[in-house]
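Heads up, input-v3.tsv below (TSV, C-alpha atoms):
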```
chain	number	residue	atom	x	y	z
A	23	MET	CA	-59.19	-27.66	23.68
A	24	ARG	CA	-60.89	-24.33	23.26
A	25	SER	CA	-63.68	-23.09	21.04
A	26	CYS	CA	-65.60	-19.90	20.46
A	27	CYS	CA	-68.49	-18.80	18.30
A	28	ARG	CA	-70.00	-15.68	16.90
A	29	ALA	CA	-73.47	-15.31	15.43
A	30	LEU	CA	-73.64	-12.48	12.95
A	31	VAL	CA	-77.38	-12.61	12.42
A	32	ALA	CA	-80.24	-13.66	14.67
A	33	LEU	CA	-80.77	-17.40	14.44
A	34	PRO	CA	-84.43	-18.39	14.12
A	35	SER	CA	-86.03	-21.06	16.24
A	36	MET	CA	-86.23	-24.36	14.41
A	37	GLU	CA	-89.12	-26.70	13.81
A	38	CYS	CA	-89.25	-30.35	12.84
A	39	ARG	CA	-90.30	-31.20	9.34
A	40	ALA	CA	-93.77	-32.57	8.79
A	41	PRO	CA	-93.98	-36.38	8.80
A	42	ALA	CA	-94.88	-36.35	5.11
A	43	ALA	CA	-91.48	-34.91	4.30
A	44	PHE	CA	-89.78	-37.81	6.05
A	45	ALA	CA	-91.73	-40.42	4.17
A	46	ARG	CA	-90.45	-39.42	0.75
A	47	LYS	CA	-87.82	-41.50	-1.01
A	48	TRP	CA	-86.15	-43.25	1.90
A	49	ALA	CA	-84.04	-45.55	-0.25
A	50	VAL	CA	-80.45	-44.38	-0.72
A	51	ARG	CA	-79.44	-44.01	-4.34
A	52	ARG	CA	-76.30	-45.77	-5.46
A	53	SER	CA	-75.41	-42.72	-7.53
A	54	LEU	CA	-75.08	-40.73	-4.30
A	55	PHE	CA	-72.55	-43.20	-3.00
A	56	ALA	CA	-70.49	-42.89	-6.16
A	57	LEU	CA	-70.34	-39.13	-5.73
A	58	ALA	CA	-70.34	-38.83	-1.97
A	59	MET	CA	-67.59	-41.43	-1.75
A	60	ALA	CA	-65.32	-38.86	-3.33
A	61	LEU	CA	-65.79	-36.77	-0.19
A	62	LEU	CA	-65.04	-39.67	2.12
A	63	VAL	CA	-62.01	-40.68	0.10
A	64	SER	CA	-60.66	-37.12	0.10
A	65	ALA	CA	-61.06	-37.07	3.87
A	66	VAL	CA	-58.83	-40.10	4.30
A	67	ALA	CA	-56.48	-39.70	1.36
A	68	ASP	CA	-53.96	-37.48	3.12
A	69	TRP	CA	-55.19	-37.56	6.69
A	70	ALA	CA	-51.96	-38.80	8.18
A	71	GLN	CA	-50.08	-35.78	6.87
A	72	THR	CA	-52.22	-33.26	8.77
A	73	SER	CA	-51.24	-34.24	12.30
A	74	GLU	CA	-49.35	-30.96	12.80
A	75	ALA	CA	-48.99	-28.15	10.26
A	76	LYS	CA	-45.88	-26.09	10.79
A	77	ALA	CA	-44.12	-23.33	8.91
A	78	PRO	CA	-41.74	-24.66	6.25
A	79	GLN	CA	-38.15	-25.01	7.42
A	80	ARG	CA	-34.95	-24.98	5.41
A	81	PRO	CA	-34.00	-28.67	5.07
A	82	ASP	CA	-30.84	-29.76	6.83
A	83	PRO	CA	-28.63	-31.70	4.36
A	84	GLU	CA	-27.71	-34.36	6.90
A	85	MET	CA	-31.31	-34.80	7.98
A	86	ALA	CA	-32.38	-35.00	4.33
A	87	ARG	CA	-29.90	-37.85	3.77
A	88	HIS	CA	-31.25	-39.69	6.81
A	89	VAL	CA	-34.82	-39.26	5.59
A	90	SER	CA	-33.99	-40.49	2.07
A	91	ARG	CA	-32.15	-43.53	3.42
A	92	LEU	CA	-34.90	-44.47	5.89
A	93	LEU	CA	-37.67	-44.04	3.32
A	94	THR	CA	-35.77	-46.38	1.01
A	95	LEU	CA	-35.37	-48.95	3.80
A	96	LEU	CA	-39.05	-48.61	4.63
A	97	ARG	CA	-40.03	-49.40	1.04
A	98	GLN	CA	-37.61	-52.32	0.81
A	99	ALA	CA	-38.92	-53.89	4.03
A	100	LYS	CA	-42.64	-53.91	3.13
A	101	LYS	CA	-42.90	-57.63	3.84
A	102	ASP	CA	-40.72	-57.62	6.94
A	103	PRO	CA	-42.54	-56.06	9.95
A	104	SER	CA	-39.52	-56.31	12.25
A	105	LYS	CA	-37.28	-54.39	9.84
A	106	ARG	CA	-39.95	-51.74	9.36
A	107	GLU	CA	-40.25	-51.40	13.13
A	108	ALA	CA	-36.49	-50.89	13.32
A	109	VAL	CA	-36.69	-48.13	10.70
A	110	ILE	CA	-39.37	-46.36	12.74
A	111	ASP	CA	-37.29	-46.67	15.91
A	112	GLU	CA	-34.25	-45.18	14.18
A	113	ALA	CA	-36.32	-42.31	12.77
A	114	ILE	CA	-37.58	-41.49	16.26
A	115	SER	CA	-34.06	-41.65	17.67
A	116	LEU	CA	-32.97	-39.03	15.13
A	117	GLY	CA	-35.52	-36.51	16.39
A	118	PRO	CA	-38.81	-34.84	15.38
A	119	GLN	CA	-37.70	-33.61	11.95
A	120	VAL	CA	-36.81	-37.08	10.67
A	121	ALA	CA	-39.74	-38.73	12.48
A	122	SER	CA	-42.14	-36.23	10.92
A	123	ALA	CA	-40.84	-36.99	7.41
A	124	ILE	CA	-41.14	-40.76	7.94
A	125	HIS	CA	-44.60	-40.21	9.43
A	126	ALA	CA	-45.64	-38.41	6.23
A	127	GLY	CA	-44.13	-41.22	4.15
A	128	LEU	CA	-46.27	-43.75	5.99
A	129	GLY	CA	-49.29	-41.60	5.27
A	130	ARG	CA	-48.56	-41.56	1.55
A	131	GLU	CA	-48.17	-45.34	1.54
A	132	MET	CA	-51.49	-45.67	3.30
A	133	GLN	CA	-53.46	-43.49	0.86
A	134	PRO	CA	-54.46	-46.11	-1.75
A	135	LEU	CA	-55.18	-48.70	0.95
A	136	LEU	CA	-57.49	-46.33	2.82
A	137	LYS	CA	-59.19	-45.35	-0.44
A	138	SER	CA	-59.90	-48.97	-1.35
A	139	TYR	CA	-61.11	-49.89	2.13
A	140	SER	CA	-63.37	-46.83	2.43
A	141	ALA	CA	-65.04	-47.52	-0.91
A	142	LYS	CA	-65.76	-51.17	-0.04
A	143	PHE	CA	-67.00	-50.28	3.44
A	144	SER	CA	-69.42	-47.67	2.06
A	145	GLN	CA	-70.86	-50.11	-0.44
A	146	ALA	CA	-71.42	-52.68	2.30
A	147	ALA	CA	-73.00	-50.06	4.59
A	148	GLY	CA	-75.35	-49.00	1.80
A	149	LYS	CA	-76.62	-52.54	1.30
A	150	LEU	CA	-77.31	-52.97	5.01
A	151	ALA	CA	-79.03	-49.59	5.19
A	152	GLN	CA	-81.51	-50.60	2.51
A	153	LYS	CA	-82.48	-53.62	4.61
A	154	LYS	CA	-82.71	-51.54	7.80
A	155	ILE	CA	-85.20	-48.97	6.54
A	156	GLY	CA	-88.60	-50.52	7.13
A	157	SER	CA	-91.38	-49.24	9.30
A	158	VAL	CA	-90.30	-45.96	10.85
A	159	ASN	CA	-92.27	-44.39	13.67
A	160	LEU	CA	-92.50	-40.86	12.31
A	161	GLU	CA	-93.99	-39.49	15.51
A	162	GLU	CA	-91.00	-40.76	17.48
A	163	VAL	CA	-88.62	-39.27	14.91
A	164	GLN	CA	-90.36	-35.91	15.13
A	165	ARG	CA	-90.27	-35.98	18.94
A	166	LEU	CA	-86.55	-36.83	19.05
A	167	ARG	CA	-85.68	-34.10	16.57
A	168	ALA	CA	-87.71	-31.56	18.50
A	169	THR	CA	-85.91	-32.53	21.69
A	170	VAL	CA	-82.60	-31.45	20.14
A	171	LEU	CA	-83.72	-28.49	18.07
A	172	GLU	CA	-85.76	-26.78	20.77
A	173	LEU	CA	-83.05	-26.83	23.44
A	174	GLN	CA	-81.54	-23.56	22.25
A	175	ASN	CA	-84.81	-21.77	23.07
A	176	ARG	CA	-84.69	-22.78	26.72
A	177	PRO	CA	-83.41	-20.35	29.38
A	178	ASP	CA	-81.23	-23.10	30.89
A	179	PHE	CA	-79.52	-23.89	27.56
A	180	SER	CA	-76.02	-25.16	28.43
A	181	LYS	CA	-73.41	-27.79	27.67
A	182	GLU	CA	-74.82	-29.94	30.47
A	183	LEU	CA	-78.32	-29.70	28.98
A	184	ILE	CA	-77.01	-30.72	25.55
A	185	GLN	CA	-75.23	-33.71	27.04
A	186	ARG	CA	-78.22	-34.71	29.16
A	187	GLU	CA	-81.00	-34.36	26.56
A	188	ALA	CA	-79.58	-33.87	23.05
A	189	ASP	CA	-77.00	-36.66	23.16
A	190	PRO	CA	-79.48	-39.45	24.01
A	191	ALA	CA	-81.95	-38.17	21.39
A	192	LEU	CA	-79.25	-38.03	18.72
A	193	LYS	CA	-78.07	-41.51	19.65
A	194	LYS	CA	-81.63	-42.85	19.30
A	195	LEU	CA	-81.98	-41.22	15.87
A	196	GLU	CA	-78.76	-42.93	14.84
A	197	GLU	CA	-80.15	-46.26	16.02
A	198	ILE	CA	-83.26	-45.69	13.87
A	199	PHE	CA	-81.58	-44.55	10.68
A	200	VAL	CA	-77.87	-45.46	10.72
A	201	VAL	CA	-76.43	-48.95	10.45
A	202	ASP	CA	-73.84	-49.82	13.09
A	203	ARG	CA	-70.29	-50.06	11.77
A	204	GLN	CA	-69.70	-53.24	13.78
A	205	GLU	CA	-72.69	-54.80	12.05
A	206	VAL	CA	-71.16	-53.93	8.67
A	207	LEU	CA	-67.93	-55.64	9.69
A	208	ALA	CA	-69.76	-58.68	11.08
A	209	GLU	CA	-71.61	-59.14	7.78
A	210	ASN	CA	-68.44	-58.78	5.68
A	211	PRO	CA	-65.51	-61.01	6.75
A	212	SER	CA	-63.42	-59.80	3.80
A	213	LEU	CA	-63.60	-56.24	5.18
A	214	VAL	CA	-62.36	-57.46	8.55
A	215	LYS	CA	-59.36	-59.09	6.89
A	216	GLU	CA	-58.56	-55.97	4.87
A	217	ARG	CA	-59.00	-53.85	8.00
A	218	GLU	CA	-56.50	-55.99	9.91
A	219	SER	CA	-53.96	-55.62	7.13
A	220	LEU	CA	-54.50	-51.85	7.10
A	221	SER	CA	-54.12	-51.69	10.87
A	222	GLU	CA	-50.62	-53.19	10.65
A	223	LEU	CA	-49.48	-50.13	8.72
A	224	GLY	CA	-51.61	-47.93	10.97
A	225	ARG	CA	-49.70	-49.20	14.01
A	226	LEU	CA	-46.45	-47.85	12.55
A	227	TRP	CA	-48.12	-44.53	11.75
A	228	GLU	CA	-49.49	-44.36	15.29
A	229	LYS	CA	-46.01	-44.95	16.75
A	230	THR	CA	-44.53	-41.95	14.92
A	231	ALA	CA	-47.66	-39.85	15.58
A	232	THR	CA	-47.51	-40.60	19.31
A	233	TYR	CA	-43.83	-39.62	19.44
A	234	LEU	CA	-44.59	-36.30	17.69
A	235	PHE	CA	-47.57	-35.74	20.00
A	236	GLU	CA	-45.34	-36.20	23.03
A	237	GLN	CA	-42.97	-33.48	21.77
A	238	VAL	CA	-45.74	-30.88	22.06
A	239	PRO	CA	-45.66	-29.14	25.48
A	240	ASP	CA	-48.68	-29.70	27.71
A	241	SER	CA	-51.19	-26.85	27.55
A	242	PRO	CA	-54.98	-26.35	27.68
A	243	GLU	CA	-55.00	-26.39	23.87
A	244	LYS	CA	-53.26	-29.77	23.54
A	245	PRO	CA	-55.73	-32.61	22.83
A	246	LYS	CA	-56.27	-34.94	25.78
A	247	ASP	CA	-56.01	-38.15	23.80
A	248	LYS	CA	-52.95	-39.47	22.01
A	249	PRO	CA	-53.22	-40.21	18.27
A	250	SER	CA	-55.00	-43.49	17.61
A	251	PHE	CA	-55.25	-45.10	14.20
A	252	GLU	CA	-58.05	-47.34	15.45
A	253	ASP	CA	-60.10	-44.35	16.58
A	254	TYR	CA	-59.57	-42.59	13.28
A	255	LEU	CA	-60.53	-45.63	11.22
A	256	ALA	CA	-63.62	-46.18	13.38
A	257	GLY	CA	-64.56	-42.56	12.76
A	258	GLU	CA	-64.30	-43.04	9.01
A	259	GLU	CA	-66.52	-46.11	9.22
A	260	THR	CA	-69.09	-44.16	11.23
A	261	LEU	CA	-69.16	-41.41	8.60
A	262	ALA	CA	-69.63	-44.02	5.87
A	263	CYS	CA	-72.60	-45.42	7.76
A	264	GLY	CA	-74.02	-41.91	8.07
A	265	LEU	CA	-73.81	-41.47	4.31
A	266	ALA	CA	-75.94	-44.60	3.93
A	267	ALA	CA	-78.77	-43.13	6.05
A	268	PRO	CA	-81.99	-41.95	4.34
A	269	MET	CA	-82.03	-38.33	3.21
A	270	ASP	CA	-84.31	-36.06	1.23
A	271	PRO	CA	-83.58	-35.21	-2.43
A	272	HIS	CA	-82.18	-31.76	-1.63
A	273	THR	CA	-79.67	-33.09	0.89
A	274	ARG	CA	-78.76	-35.84	-1.54
A	275	ASP	CA	-78.04	-33.29	-4.27
A	276	VAL	CA	-76.05	-31.00	-1.96
A	277	LEU	CA	-73.85	-33.86	-0.74
A	278	ALA	CA	-73.24	-34.93	-4.32
A	279	VAL	CA	-71.98	-31.44	-5.25
A	280	ASN	CA	-69.99	-31.21	-2.00
A	281	ALA	CA	-68.30	-34.50	-2.87
A	282	ARG	CA	-66.89	-32.98	-6.04
A	283	LEU	CA	-65.78	-29.78	-4.28
A	284	ALA	CA	-64.14	-31.68	-1.41
A	285	ALA	CA	-61.07	-32.39	-3.55
A	286	GLN	CA	-60.23	-28.69	-3.17
A	287	LEU	CA	-60.34	-28.85	0.66
A	288	GLN	CA	-57.85	-30.18	3.15
A	289	PRO	CA	-58.82	-33.70	4.31
A	290	GLU	CA	-59.94	-32.70	7.82
A	291	GLU	CA	-61.86	-29.71	6.47
A	292	ALA	CA	-63.87	-32.02	4.22
A	293	ARG	CA	-64.33	-34.47	7.07
A	294	ALA	CA	-65.69	-31.74	9.36
A	295	VAL	CA	-68.19	-30.52	6.76
A	296	LEU	CA	-69.40	-34.06	6.13
A	297	ALA	CA	-69.84	-34.71	9.86
A	298	LEU	CA	-71.80	-31.46	10.20
A	299	ASN	CA	-74.14	-32.33	7.33
A	300	LEU	CA	-74.75	-35.87	8.54
A	301	THR	CA	-75.73	-34.47	11.95
A	302	ARG	CA	-78.07	-31.97	10.30
A	303	ASN	CA	-79.58	-34.75	8.19
A	304	LEU	CA	-80.40	-36.82	11.28
A	305	LEU	CA	-82.16	-33.78	12.73
A	306	GLY	CA	-84.22	-33.13	9.60
A	307	LEU	CA	-82.29	-30.03	8.57
A	308	SER	CA	-81.06	-29.34	5.05
A	309	ALA	CA	-77.43	-29.96	4.22
A	310	LEU	CA	-75.17	-26.93	3.80
A	311	ALA	CA	-73.37	-26.41	0.50
A	312	ILE	CA	-69.61	-25.96	0.51
A	313	ASP	CA	-68.69	-22.37	-0.37
A	314	LEU	CA	-65.06	-22.43	-1.51
A	315	ARG	CA	-64.68	-18.69	-0.84
A	316	LEU	CA	-65.89	-19.16	2.72
A	317	CYS	CA	-63.38	-22.01	3.01
A	318	GLU	CA	-60.60	-19.67	1.88
A	319	THR	CA	-61.80	-17.06	4.37
A	320	ALA	CA	-61.91	-19.58	7.20
A	321	ARG	CA	-58.53	-21.09	6.33
A	322	ASP	CA	-56.96	-17.63	6.19
A	323	HIS	CA	-58.27	-16.74	9.67
A	324	SER	CA	-57.05	-20.06	11.10
A	325	ALA	CA	-53.62	-19.42	9.59
A	326	ASP	CA	-53.55	-15.91	11.06
A	327	MET	CA	-54.45	-17.24	14.52
A	328	GLN	CA	-51.72	-19.86	14.29
A	329	ARG	CA	-49.09	-17.47	12.91
A	330	LEU	CA	-49.83	-14.60	15.30
A	331	ASN	CA	-50.66	-16.77	18.31
A	332	PHE	CA	-54.14	-15.44	19.11
A	333	PHE	CA	-57.56	-17.04	19.43
A	334	ALA	CA	-60.49	-14.72	18.76
A	335	HIS	CA	-63.15	-13.70	16.26
A	336	GLU	CA	-61.65	-10.23	16.05
A	337	SER	CA	-58.35	-10.25	14.20
A	338	PRO	CA	-55.47	-7.82	14.78
A	339	VAL	CA	-54.69	-7.94	11.05
A	340	GLU	CA	-55.65	-4.75	9.24
A	341	GLY	CA	-58.73	-5.21	7.08
A	342	LYS	CA	-59.62	-8.53	8.72
A	343	LYS	CA	-61.08	-7.36	12.03
A	344	THR	CA	-64.47	-9.11	11.87
A	345	PRO	CA	-65.75	-12.30	10.21
A	346	TRP	CA	-67.79	-10.26	7.74
A	347	ASP	CA	-64.75	-8.09	6.91
A	348	ARG	CA	-62.79	-11.24	6.16
A	349	ALA	CA	-65.57	-12.78	4.07
A	350	LYS	CA	-65.85	-9.58	2.04
A	351	ARG	CA	-62.12	-9.71	1.25
A	352	PHE	CA	-62.67	-13.11	-0.36
A	353	GLY	CA	-65.75	-12.02	-2.32
A	354	THR	CA	-68.48	-13.62	-0.21
A	355	THR	CA	-70.66	-13.02	2.87
A	356	ALA	CA	-70.97	-14.71	6.27
A	357	SER	CA	-73.79	-15.12	8.79
A	358	GLY	CA	-71.96	-16.87	11.65
A	359	GLU	CA	-68.56	-18.16	12.74
A	360	ASN	CA	-67.21	-20.92	14.98
A	361	ILE	CA	-63.55	-21.25	15.93
A	362	ALA	CA	-61.66	-23.97	17.80
A	363	MET	CA	-58.08	-24.66	18.84
A	364	GLY	CA	-56.30	-27.88	19.81
A	365	TYR	CA	-57.93	-30.27	17.33
A	366	HIS	CA	-56.56	-32.34	14.45
A	367	ASP	CA	-59.68	-34.39	13.68
A	368	GLY	CA	-62.51	-32.76	11.69
A	369	LYS	CA	-65.13	-35.13	13.06
A	370	ALA	CA	-64.02	-34.46	16.64
A	371	VAL	CA	-64.07	-30.67	16.26
A	372	ASN	CA	-67.59	-30.90	14.88
A	373	MET	CA	-68.80	-32.73	18.01
A	374	GLY	CA	-66.87	-30.31	20.21
A	375	TRP	CA	-68.90	-27.47	18.71
A	376	PHE	CA	-72.12	-29.48	19.05
A	377	HIS	CA	-71.64	-29.59	22.83
A	378	SER	CA	-70.98	-25.84	23.13
A	379	PRO	CA	-74.23	-23.76	23.26
A	380	GLY	CA	-73.18	-20.89	20.98
A	381	HIS	CA	-71.55	-23.15	18.40
A	382	HIS	CA	-74.51	-25.52	18.63
A	383	LYS	CA	-76.85	-22.69	17.57
A	384	ASN	CA	-74.66	-21.83	14.59
A	385	MET	CA	-74.36	-25.46	13.47
A	386	LEU	CA	-78.11	-26.01	13.51
A	387	GLY	CA	-79.12	-22.59	12.20
A	388	LYS	CA	-82.04	-22.99	9.85
A	389	GLY	CA	-81.17	-19.77	7.99
A	390	HIS	CA	-77.78	-21.06	6.82
A	391	THR	CA	-77.38	-22.53	3.33
A	392	ARG	CA	-73.59	-22.39	2.87
A	393	VAL	CA	-70.58	-23.45	4.93
A	394	GLY	CA	-66.83	-22.95	4.77
A	395	MET	CA	-64.24	-24.80	6.85
A	396	GLY	CA	-60.61	-23.83	7.25
A	397	GLN	CA	-57.80	-25.56	9.15
A	398	ALA	CA	-54.27	-24.46	10.00
A	399	GLY	CA	-52.47	-26.86	12.32
A	400	SER	CA	-54.73	-27.32	15.34
A	401	TYR	CA	-56.83	-24.22	14.57
A	402	PHE	CA	-60.24	-24.61	12.90
A	403	THR	CA	-62.58	-21.90	11.65
A	404	GLU	CA	-66.11	-22.64	10.45
A	405	LEU	CA	-68.08	-19.95	8.61
A	406	PHE	CA	-71.76	-20.02	7.70
A	407	GLY	CA	-73.60	-18.09	5.01
A	408	GLY	CA	-77.18	-17.55	3.88
A	409	ASN	CA	-78.64	-17.18	0.41
```

Rewrite the structure of this file - the entire thing - as structure tokens.
Amino acid sequence: MRSCCRALVALPSMECRAPAAFARKWAVRRSLFALAMALLVSAVADWAQTSEAKAPQRPDPEMARHVSRLLTLLRQAKKDPSKREAVIDEAISLGPQVASAIHAGLGREMQPLLKSYSAKFSQAAGKLAQKKIGSVNLEEVQRLRATVLELQNRPDFSKELIQREADPALKKLEEIFVVDRQEVLAENPSLVKERESLSELGRLWEKTATYLFEQVPDSPEKPKDKPSFEDYLAGEETLACGLAAPMDPHTRDVLAVNARLAAQLQPEEARAVLALNLTRNLLGLSALAIDLRLCETARDHSADMQRLNFFAHESPVEGKKTPWDRAKRFGTTASGENIAMGYHDGKAVNMGWFHSPGHHKNMLGKGHTRVGMGQAGSYFTELFGGN
């Protein structure tokens, strides 16, 4: 997987907030969960359909008949796992086009189940978070945040330095503020049961997803890991736990507005923005507001890179040469850009950028107030903007 970044303005050095700022209003409001849950739900609602975006193809009549027949059999066999498995095997035997259509059908079936599970998990995480927040060592919090935020000012700033010093500090901050997803499951047996039921359908999705993954030729851009429903579901639970962490009123308000706007984003775009803001929250930085025009700009550049088979900040398309040219075309402005190729998971691409020095600086830029995320297939573009 590859990534690249471009800073369009100088990024200031960052400081930790004063302890007094951390002490204000630690309790998480239930109203935030009601609004922010919309963002989490949008991130899982259609996730299974984004495994590989391709240009539309003229449907083959014979293939269409196979797809219609197999989708009908899949619906009729909801209570018969062996028959459903046979349908999946036949779809795979008929090739990628049919397998892809059945894969999408499984995703649509999974939507309401994922929505229900995510809502219940977030409520349970919120209750545990309220119990967790007690005496917080503000000096330790400030030290850990400074460890991460000051790395970019060091002459030896590198991926290895981020992994060696930032990763442990971020993990410790998560231990202080974020409930563990396994703890949420241990405290809620009904969630475990619902999760197991969901995983049965996820296993079928994973089988078609793995087959489609294997059809993609090996290349540096191809993700190393095969699709895993368990990994994806665990990622969703981790994000839900992050939403239950304490946050200041401004971040709370920004996430509430973002939750409403997320319905206009692709699922993995919304997931990437949420992961970015939860990381910023742990580090004491303000959340970035979704700018829909920046999202359009970013999505357009990702689509151009996919369509024209290039990977760069400078585009060969007339009038779209630079990130700021592209932002201007969509009626907005940009202050930095990250790009990545070979990803299908918004949370994963966010952490990929975190471990890359240039992207890391953009992600944690204190001067940014807006963000736009755009996905096309395995291409991601992230744009930042100021006031």

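Put simply, atom CA of A:Ala294 is 15.9 Å away from atom CA of A:Ala278.
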
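Counting only C-alpha atoms, the residue from A:Gly399, A:Gly127, A:Gly257, A:Gly407 that sits nearest to A:Met385 is A:Gly407.
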
Write out as a tab-separated table a residue-level contact list of stretch 242-275 of chain A versus stretch 216-220 of chain A with cut-off 12 Å: for each qualifying residue the closest pair of atoms and the distance in Å to one decimal, counting all atoms listed in the file, rows sorted by chain and residue number upward.
```
residue	atom	partner	partner_atom	distance
A:Phe251	CA	A:Leu220	CA	9.8
A:Glu252	CA	A:Arg217	CA	9.9
A:Leu255	CA	A:Arg217	CA	9.0
A:Ala256	CA	A:Arg217	CA	10.4
A:Glu259	CA	A:Arg217	CA	10.9
```

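Distances from A:Val170, A:Val109, A:Leu296, A:Leu226 to A:Lys383 were compared using only C-alpha atoms, and the smallest one belongs to A:Val170.
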
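Taking atom CA of A:Val276 as the reference point, atom CA of A:Arg315 is found at 16.8 Å.
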
Taking the point (-47.7, -43.6, 14.1) as given in the file, collect each protein or nucleic acid residue that comes within 9 Å of it, counting all atoms listed in the file, and present the set as an mmCIF file with C-alpha atoms, in the frame of the given file.
```
data_model
loop_
_atom_site.group_PDB
_atom_site.id
_atom_site.type_symbol
_atom_site.label_atom_id
_atom_site.label_comp_id
_atom_site.auth_asym_id
_atom_site.auth_seq_id
_atom_site.Cartn_x
_atom_site.Cartn_y
_atom_site.Cartn_z
ATOM 1 C CA ALA A 70 -51.960 -38.800 8.180
ATOM 2 C CA ILE A 110 -39.370 -46.360 12.740
ATOM 3 C CA HIS A 125 -44.600 -40.210 9.430
ATOM 4 C CA LEU A 128 -46.270 -43.750 5.990
ATOM 5 C CA LEU A 223 -49.480 -50.130 8.720
ATOM 6 C CA GLY A 224 -51.610 -47.930 10.970
ATOM 7 C CA ARG A 225 -49.700 -49.200 14.010
ATOM 8 C CA LEU A 226 -46.450 -47.850 12.550
ATOM 9 C CA TRP A 227 -48.120 -44.530 11.750
ATOM 10 C CA GLU A 228 -49.490 -44.360 15.290
ATOM 11 C CA LYS A 229 -46.010 -44.950 16.750
ATOM 12 C CA THR A 230 -44.530 -41.950 14.920
ATOM 13 C CA ALA A 231 -47.660 -39.850 15.580
ATOM 14 C CA THR A 232 -47.510 -40.600 19.310
ATOM 15 C CA TYR A 233 -43.830 -39.620 19.440
ATOM 16 C CA LEU A 234 -44.590 -36.300 17.690
ATOM 17 C CA PRO A 249 -53.220 -40.210 18.270
ATOM 18 C CA SER A 250 -55.000 -43.490 17.610
ATOM 19 C CA PHE A 251 -55.250 -45.100 14.200
#
```

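Among the candidate residues A:Thr319, A:Gly353, A:Ala311, A:Asp367, the one lying nearest to A:Gly396 is A:Thr319, with distances computed using only C-alpha atoms.
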
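Atom CA of A:Asn409 is positioned 23.6 Å from atom CA of A:Glu172.
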
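Among A:Tyr401, A:Glu222, A:Ala320, A:Leu265, the residue with the shortest atom-to-atom distance to A:Phe143, counting all atoms listed in the file, is A:Leu265.
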
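Counting all atoms listed in the file, stretch 199-206 of chain A has the following residues at most 8 Å away, ignoring those fewer than 2 positions along the same chain: Phe143, Ala146, Ala147, Leu150, Ala151, Lys154, Ile155, Leu195, Glu196, Glu197, Ala208, Glu209, Asn210, Ala256, Glu259, Thr260, Cys263, Gly264, Ala266, Ala267, Pro268 and Leu304 of chain A.
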
Should you be able to, write stretch 152-163 of chain A of this structure into a file that contains C-alpha atoms, as a PDB file, in the first residue's frame.
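Below is the file that was written, out_5.pdb:
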```
ATOM      1  CA  GLN A 152     -19.121   6.742  32.584  1.00  0.00           C
ATOM      2  CA  LYS A 153     -17.932   4.274  35.221  1.00  0.00           C
ATOM      3  CA  LYS A 154     -14.347   4.363  33.925  1.00  0.00           C
ATOM      4  CA  ILE A 155     -13.818   8.119  34.169  1.00  0.00           C
ATOM      5  CA  GLY A 156     -12.711   8.727  37.736  1.00  0.00           C
ATOM      6  CA  SER A 157      -9.471  10.195  38.927  1.00  0.00           C
ATOM      7  CA  VAL A 158      -7.374  11.112  35.917  1.00  0.00           C
ATOM      8  CA  ASN A 159      -3.716  12.015  36.285  1.00  0.00           C
ATOM      9  CA  LEU A 160      -3.705  15.182  34.192  1.00  0.00           C
ATOM     10  CA  GLU A 161       0.067  15.505  34.319  1.00  0.00           C
ATOM     11  CA  GLU A 162       0.446  12.034  32.824  1.00  0.00           C
ATOM     12  CA  VAL A 163      -2.116  12.864  30.138  1.00  0.00           C
TER      13      VAL A 163
END
```
